[in-house]
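Chemist: Here it is, the structure in full.
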Amino acid sequence: MQSNALNISINSITKTYGDFHALNDVNLEIKSGEFLTLLGPSGSGKTTLLMVLAGFTRPDYGSVKFGEEEVILKPPHLREIGMVFQNYALFPHMNVEENVGYPQKLRGVRKSETKHSVDEALSTVKLDGLGKRRVSELSGGQKQRVALARAIVFKPKILLMDEPLSALDKKLREEMQIELRQLHDSLNITTVYVTHDQKEALTMSDRIAVINGGQLMQLDTPNEIYRRPNNAFIADFIGESSLLSVKVHGSTTYMGASEICANQTPGRDGDYLLMVRPEKLFLADKTEKDANFFDGRVEESIFQGESQLMVIKLDPEIYGGQELRMRLPNGSETMQALPKIGEKISVGLRFADSFLVD
Amino acid sequence: MVATGEHINESDLKKLAQQEKYQLFGLTVPYLIMVSALIIIPIGWLLYMSFIGRDGTLSFENYERMIKSKAYLRIFITTFKISILTTLICALLGYPLAYFMSQLSNRWANICMIGVLIPFWTSLLVRTYAWLVLLQRKGVINNMAIDLGIISEPIKFVHNTSGTLIGMVHIMLPFLILPLYANMKAIDKDCLKAASSLGATPTRAFWTVFFPLSIPGLLAGLLIVFVLCLGFYVTPAVLGGGKVIMAAMKISSNIELYFSWGAASALGVVLLTVTAFILYITSKLVSIDQLSGGR
């Protein structure tokens, strides 16, 4: 497919509200045709950054380029971007067809052509034949599809989405995630997607930009971000993890009194956190060579459908009483032999999965 | 548990629901009593009186006079003219102000709202006479304008149509602004952002999205102002100086000067019918809950 998508260059964008830094010197290169997610907790500045791209928020300084063109001084209506809002923002006084046809009408497109493009857009979002419906007659999922059709009908080169799925229930949300991703692939449109839902970000994105406190903390593929988070905040925010405090001394790493072996050796001595993903832990099988082993007692054992979650209190004398979470897939043979609450347990974590963060 | 097919506790649950319904209905009783005592019975009396002639027998003479007499026609024309003009001026002044307030932060909007409400809460009579003091021949405005050399002769502001309009617009403006502002506040701001991201200039976004969505509030305000104007008495009486005679003033003079309760009642009935008709037409255009500022 011929690429007509645009890349976006964001340079030293800064926005303050009084003393509060909503965005602090953000630099970000978004490749053309990429699906990039801005991920962060509420108040992190991710939505502010999206609004800067859309032109609704004026930064204190900085540059935003679509392709080669500087757009920071351009008003929103000249930026030619499709935008999807959290609460749909459909026009309640227009029906579905009029909503989707609105951008075409503004552009003075002929009626027959508008009709054609509206039908095409509605069919892209699987709403064929609903053109005459009133907005109030639609379900939440349908409204979001109409909003999407309206945002793509004029074939913009950039699509911005501000938590578009957060008002939908879980099952529908998960279906829509996959659909949105497929839609992005078929349209080949540069997409910037804002969410606070880390799982959504992992599911949909080519790359994720983690934002916290108005700063870009890490920009990487979902896989890399999950495996090698830059710091404790990201390790904690993305996926489940137990963070255990460890000390690094020279080339050895200590957890309490016990020596462990980590995936990397940090350059300087001091306090670090060992990131333990619950699904990476396994019931100790001392034949495994390249793994750290931890002894403790089962605090909780919770059935969660597809998996069993175990909370393990590590031996206080060796590890200072830290807690670990372990997740075992259901139906595995080991389930039979699982220790009960209060019983002793020994779990293993491969060296390759033992990752230290600041 | 095995399903037995029995409808356990069904009758008790129904009884409970019934009870709650009655309790809720009980809340409306005081109002119902008041409405029937103070509105329905007097209106019935009014209707009856309007068909009583000078000699005390049943007749249509009160209505016949209204149709035949030029004086009455003139009064109706004046009433409608003043009401329509006041409503239009209120809309022209009130819409931009309500729009401005709806775009402010809550803090500043509240401060502006106090500015709207303080005159609203001040006695009507006080405000009307205040306008008289300001606008009369040797009033504050004329004196200042002459002192500043803007005019050489005092302008006649009061005891005419313009004085009546100034006073009435001032008094009616809050009635237009309040429902309109409530409506505008409820318009999703993202809708306007959406319009502009889709390519609408601010002007275009206003006319294609904001304005259509504000129509219910505007209609509600126009309706309230117009209906109140139709029966207005104090302000036109004081600021019109006897030259602007509206229906309510004729009702009063029918009673006070001519002791003709029949003629006064007939005029009241006509005014009431016109008002009811206008309400009916408007309710066909917008739903009633939208008119009261809800959505």
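Labeling convention for the structure tokens: chains A, B, ... as they appear, residues from 1 per chain, ligands from 1 in order of appearance.
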Run DSSP on the backbone of this structure and report the residues of region 171-272 of chain B it assigns to helix (DSSP H, G or I), as a ChimeraX atom specification.
Modeler: /B:171-186,189-197,202-230,234-239,247-256,261-272
Chemist: Take the selection from the previous step and output its residues with C-alpha atoms, as a short mmCIF file (atom, residue, chain, number, x, y, z; two decimals), in the first residue's frame.
Modeler:
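Ended up saving to result_19.cif:
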data_model
loop_
_atom_site.label_atom_id
_atom_site.label_comp_id
_atom_site.auth_asym_id
_atom_site.auth_seq_id
_atom_site.Cartn_x
_atom_site.Cartn_y
_atom_site.Cartn_z
CA ILE B 171 -36.60 43.73 34.03
CA MET B 172 -37.13 40.86 31.58
CA LEU B 173 -33.50 40.19 30.66
CA PRO B 174 -32.78 37.71 33.51
CA PHE B 175 -35.81 35.63 32.49
CA LEU B 176 -34.19 35.15 29.11
CA ILE B 177 -30.65 34.65 30.35
CA LEU B 178 -31.33 32.04 33.04
CA PRO B 179 -32.82 29.24 30.89
CA LEU B 180 -30.53 30.08 27.99
CA TYR B 181 -27.43 29.96 30.17
CA ALA B 182 -28.50 26.63 31.71
CA ASN B 183 -28.95 25.24 28.21
CA MET B 184 -25.61 26.53 26.96
CA LYS B 185 -23.78 25.17 29.99
CA ALA B 186 -25.13 21.72 29.18
CA LYS B 189 -17.72 21.42 24.81
CA ASP B 190 -16.16 18.46 23.01
CA CYS B 191 -18.82 18.84 20.31
CA LEU B 192 -17.31 22.19 19.40
CA LYS B 193 -13.81 20.78 19.53
CA ALA B 194 -14.97 17.95 17.29
CA ALA B 195 -16.45 20.42 14.82
CA SER B 196 -13.26 22.40 14.68
CA SER B 197 -11.01 19.33 14.36
CA PRO B 202 -15.03 29.06 14.79
CA THR B 203 -17.88 30.94 13.07
CA ARG B 204 -18.99 27.86 11.18
CA ALA B 205 -18.79 25.71 14.31
CA PHE B 206 -20.94 28.22 16.16
CA TRP B 207 -23.70 28.33 13.55
CA THR B 208 -23.73 24.63 12.70
CA VAL B 209 -23.27 23.17 16.18
CA PHE B 210 -23.57 25.59 19.09
CA PHE B 211 -26.49 27.68 17.91
CA PRO B 212 -28.76 24.77 16.93
CA LEU B 213 -28.06 23.14 20.29
CA SER B 214 -28.92 26.35 22.16
CA ILE B 215 -32.31 26.79 20.47
CA PRO B 216 -34.36 25.01 23.17
CA GLY B 217 -32.97 27.35 25.84
CA LEU B 218 -33.47 30.36 23.62
CA LEU B 219 -37.08 29.41 22.91
CA ALA B 220 -37.72 28.84 26.61
CA GLY B 221 -36.35 32.30 27.41
CA LEU B 222 -38.26 34.00 24.59
CA LEU B 223 -41.46 32.32 25.69
CA ILE B 224 -41.15 33.31 29.32
CA VAL B 225 -40.29 36.92 28.45
CA PHE B 226 -43.05 37.25 25.89
CA VAL B 227 -45.74 35.79 28.13
CA LEU B 228 -44.69 37.94 31.08
CA CYS B 229 -44.68 41.03 28.84
CA LEU B 230 -48.23 40.41 27.67
CA VAL B 234 -46.18 48.46 36.64
CA THR B 235 -43.35 49.38 34.30
CA PRO B 236 -45.40 50.50 31.28
CA ALA B 237 -47.72 52.38 33.64
CA VAL B 238 -44.90 54.34 35.25
CA LEU B 239 -42.46 54.75 32.35
CA ALA B 247 -53.89 45.19 28.20
CA ALA B 248 -53.15 44.93 31.91
CA MET B 249 -53.53 48.69 32.33
CA LYS B 250 -56.89 48.64 30.57
CA ILE B 251 -58.03 45.87 32.91
CA SER B 252 -57.10 48.03 35.85
CA SER B 253 -58.79 51.15 34.49
CA ASN B 254 -61.93 49.16 33.67
CA ILE B 255 -62.21 48.31 37.32
CA GLU B 256 -60.92 51.47 38.96
CA TRP B 261 -65.79 43.93 36.30
CA GLY B 262 -67.32 42.26 33.28
CA ALA B 263 -65.20 44.20 30.77
CA ALA B 264 -62.07 43.67 32.86
CA SER B 265 -62.75 39.93 33.13
CA ALA B 266 -63.33 39.58 29.39
CA LEU B 267 -59.96 41.23 28.70
CA GLY B 268 -58.35 38.92 31.24
CA VAL B 269 -59.88 35.88 29.56
CA VAL B 270 -58.57 36.97 26.16
CA LEU B 271 -55.08 37.53 27.56
CA LEU B 272 -55.14 34.12 29.23
#
Chemist: Fewer than 2 positions away in the same chain doesn't count, so skip those; otherwise give me all residues within 8 Å of Ile158 (chain A), counting only C-alpha atoms, as an MDAnalysis selection string.
Modeler: chainID A and resid 5:6 80:82 156 160 189:192
Chemist: Could those selected residues go to a file with N, CA and C atoms, as a PDB file, in the first residue's frame?
Modeler:
ATOM      1  N   ALA A   5       0.681   8.538   4.775  1.00  0.00           N
ATOM      2  CA  ALA A   5       0.609   8.988   6.164  1.00  0.00           C
ATOM      3  C   ALA A   5       1.739   9.987   6.426  1.00  0.00           C
ATOM      4  N   LEU A   6       1.597  10.716   7.512  1.00  0.00           N
ATOM      5  CA  LEU A   6       2.597  11.728   7.858  1.00  0.00           C
ATOM      6  C   LEU A   6       3.288  11.336   9.148  1.00  0.00           C
ATOM      7  N   GLU A  80      -6.204  19.469   9.594  1.00  0.00           N
ATOM      8  CA  GLU A  80      -6.557  18.262   8.828  1.00  0.00           C
ATOM      9  C   GLU A  80      -6.266  16.974   9.598  1.00  0.00           C
ATOM     10  N   ILE A  81      -6.771  16.919  10.827  1.00  0.00           N
ATOM     11  CA  ILE A  81      -6.597  15.705  11.601  1.00  0.00           C
ATOM     12  C   ILE A  81      -7.969  15.136  11.932  1.00  0.00           C
ATOM     13  N   GLY A  82      -8.031  13.813  11.989  1.00  0.00           N
ATOM     14  CA  GLY A  82      -9.254  13.182  12.472  1.00  0.00           C
ATOM     15  C   GLY A  82      -9.113  13.017  13.966  1.00  0.00           C
ATOM     16  N   PRO A 156      -8.071  11.918   6.613  1.00  0.00           N
ATOM     17  CA  PRO A 156      -6.975  12.678   7.209  1.00  0.00           C
ATOM     18  C   PRO A 156      -5.723  11.805   7.253  1.00  0.00           C
ATOM     19  N   LEU A 160      -6.145  11.183  15.807  1.00  0.00           N
ATOM     20  CA  LEU A 160      -5.884  11.310  17.241  1.00  0.00           C
ATOM     21  C   LEU A 160      -7.061  10.716  18.002  1.00  0.00           C
ATOM     22  N   ILE A 189      -2.760   4.980   8.548  1.00  0.00           N
ATOM     23  CA  ILE A 189      -2.894   6.352   8.985  1.00  0.00           C
ATOM     24  C   ILE A 189      -2.074   6.477  10.273  1.00  0.00           C
ATOM     25  N   THR A 190      -1.316   7.569  10.404  1.00  0.00           N
ATOM     26  CA  THR A 190      -0.536   7.762  11.633  1.00  0.00           C
ATOM     27  C   THR A 190      -1.507   7.997  12.785  1.00  0.00           C
ATOM     28  N   THR A 191      -1.434   7.143  13.801  1.00  0.00           N
ATOM     29  CA  THR A 191      -2.426   7.212  14.871  1.00  0.00           C
ATOM     30  C   THR A 191      -1.754   7.492  16.211  1.00  0.00           C
ATOM     31  N   VAL A 192      -2.259   8.504  16.907  1.00  0.00           N
ATOM     32  CA  VAL A 192      -1.795   8.755  18.271  1.00  0.00           C
ATOM     33  C   VAL A 192      -2.976   8.493  19.192  1.00  0.00           C
TER      34      VAL A 192
END
Chemist: For the atom pair CA of Met255 (chain A) and CA of Arg228 (chain A), what is the interatomic distance in Å to one decimal place?
Modeler: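 Taking CA of Met255 (chain A) as the start and CA of Arg228 (chain A) as the end point, the length is 20.0 Å.
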Chemist: Tell me which protein, DNA and RNA residues are within 8 Å of Gln308 (chain A), counting only C-alpha atoms, leaving out same-chain ones fewer than 5 positions away, and put them as a tab-separated table (two decimals) with C-alpha atoms, in the first residue's frame.
Modeler:
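This is the output file result_39.tsv:
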chain	number	residue	atom	x	y	z
A	301	SER	CA	-4.12	-18.52	47.10
A	302	ILE	CA	-6.84	-17.10	44.87
A	303	PHE	CA	-8.68	-18.77	42.02
A	327	ARG	CA	0.52	-16.51	38.76
A	328	LEU	CA	0.15	-20.06	37.48
A	329	PRO	CA	-1.96	-20.91	34.46
A	330	ASN	CA	-4.93	-23.03	35.34
Chemist: Please, which residues of chain A lie no more than 6 Å from chain B when the count uses only C-alpha atoms, and can they be set out as a ChimeraX atom specification?
Modeler: /A:76-77,89,103
Chemist: Looking only at the backbone, which of the residues in region 143-218 of chain A does DSSP tag as strand (DSSP E or B), as a list of chain:residue names?
Modeler: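 Output for region 143-218 of chain A, strand (DSSP E or B) only: A:Ile158, A:Leu159, A:Leu160, A:Met161, A:Asp162, A:Thr190, A:Thr191, A:Val192, A:Tyr193, A:Val194, A:Thr195, A:Arg207, A:Ile208, A:Ala209, A:Val210, A:Ile211, A:Asn212, A:Gln215, A:Leu216, A:Met217, A:Gln218.
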Chemist: Out of A:Ile312, A:Leu283, A:Cys261, A:Ala201, which residue has the shortest atom-to-atom distance to Ala337 (chain A) when counting only C-alpha atoms?
Modeler: A:Leu283
Chemist: Env of Asn292 (chain A): 8 Å cut, atoms = only C-alpha atoms, seq-sep filter 6 positions within chain, self excluded. Answer as a PDB file with N, CA and C atoms, in the first residue's frame.
Modeler:
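Ended up saving to part_0.pdb:
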ATOM      1  N   ILE A 260      21.759 -12.965  44.907  1.00  0.00           N
ATOM      2  CA  ILE A 260      20.995 -13.391  43.740  1.00  0.00           C
ATOM      3  C   ILE A 260      21.723 -12.978  42.478  1.00  0.00           C
ATOM      4  N   CYS A 261      21.262 -13.497  41.385  1.00  0.00           N
ATOM      5  CA  CYS A 261      21.909 -13.202  40.120  1.00  0.00           C
ATOM      6  C   CYS A 261      20.912 -12.491  39.213  1.00  0.00           C
ATOM      7  N   GLY A 348      10.991 -20.282  41.803  1.00  0.00           N
ATOM      8  CA  GLY A 348      12.183 -19.956  41.029  1.00  0.00           C
ATOM      9  C   GLY A 348      11.930 -18.859  40.018  1.00  0.00           C
ATOM     10  N   LEU A 349      12.975 -18.090  39.713  1.00  0.00           N
ATOM     11  CA  LEU A 349      12.917 -17.033  38.696  1.00  0.00           C
ATOM     12  C   LEU A 349      14.203 -17.108  37.892  1.00  0.00           C
ATOM     13  N   ARG A 350      14.054 -17.312  36.585  1.00  0.00           N
ATOM     14  CA  ARG A 350      15.253 -17.463  35.750  1.00  0.00           C
ATOM     15  C   ARG A 350      16.088 -16.187  35.773  1.00  0.00           C
ATOM     16  N   PHE A 351      17.392 -16.340  35.648  1.00  0.00           N
ATOM     17  CA  PHE A 351      18.298 -15.179  35.625  1.00  0.00           C
ATOM     18  C   PHE A 351      17.856 -14.191  34.553  1.00  0.00           C
TER      19      PHE A 351
END
Chemist: What's around Asn212 (chain A) at 8 Å? Count only C-alpha atoms, leave out sequence neighbours fewer than 2 positions away in its own chain, and write the answer as a ChimeraX atom specification.
Modeler: /A:40-41,44-45,210,214-217
Chemist: Save the residues we just selected, N, CA and C atoms, as a PDB file, in the first residue's frame?
Modeler:
ATOM      1  N   GLY A  40      -0.232   6.804  30.396  1.00  0.00           N
ATOM      2  CA  GLY A  40       0.148   7.383  31.682  1.00  0.00           C
ATOM      3  C   GLY A  40      -1.047   7.442  32.602  1.00  0.00           C
ATOM      4  N   PRO A  41      -0.791   7.633  33.888  1.00  0.00           N
ATOM      5  CA  PRO A  41      -1.904   7.763  34.833  1.00  0.00           C
ATOM      6  C   PRO A  41      -2.616   9.091  34.614  1.00  0.00           C
ATOM      7  N   SER A  44      -1.114  12.902  34.076  1.00  0.00           N
ATOM      8  CA  SER A  44       0.294  12.754  33.695  1.00  0.00           C
ATOM      9  C   SER A  44       0.685  13.712  32.585  1.00  0.00           C
ATOM     10  N   GLY A  45      -0.300  14.241  31.854  1.00  0.00           N
ATOM     11  CA  GLY A  45       0.000  15.158  30.753  1.00  0.00           C
ATOM     12  C   GLY A  45      -0.230  14.547  29.387  1.00  0.00           C
ATOM     13  N   VAL A 210       5.470   6.176  27.426  1.00  0.00           N
ATOM     14  CA  VAL A 210       4.978   6.273  28.803  1.00  0.00           C
ATOM     15  C   VAL A 210       5.239   7.683  29.306  1.00  0.00           C
ATOM     16  N   GLY A 214       4.286  14.908  33.330  1.00  0.00           N
ATOM     17  CA  GLY A 214       4.573  15.818  32.232  1.00  0.00           C
ATOM     18  C   GLY A 214       5.842  15.491  31.459  1.00  0.00           C
ATOM     19  N   GLN A 215       6.428  14.324  31.767  1.00  0.00           N
ATOM     20  CA  GLN A 215       7.663  13.972  31.070  1.00  0.00           C
ATOM     21  C   GLN A 215       7.546  12.635  30.356  1.00  0.00           C
ATOM     22  N   LEU A 216       8.259  12.516  29.251  1.00  0.00           N
ATOM     23  CA  LEU A 216       8.322  11.256  28.537  1.00  0.00           C
ATOM     24  C   LEU A 216       9.306  10.361  29.279  1.00  0.00           C
ATOM     25  N   MET A 217       8.838   9.211  29.788  1.00  0.00           N
ATOM     26  CA  MET A 217       9.708   8.359  30.596  1.00  0.00           C
ATOM     27  C   MET A 217      10.345   7.256  29.784  1.00  0.00           C
TER      28      MET A 217
END
Chemist: Compile the contact shell of Ile52 (chain B) as a count of residues only: residues with an atom at most 9 Å away, counting only C-alpha atoms, same-chain residues fewer than 3 positions apart removed.
Modeler: 13
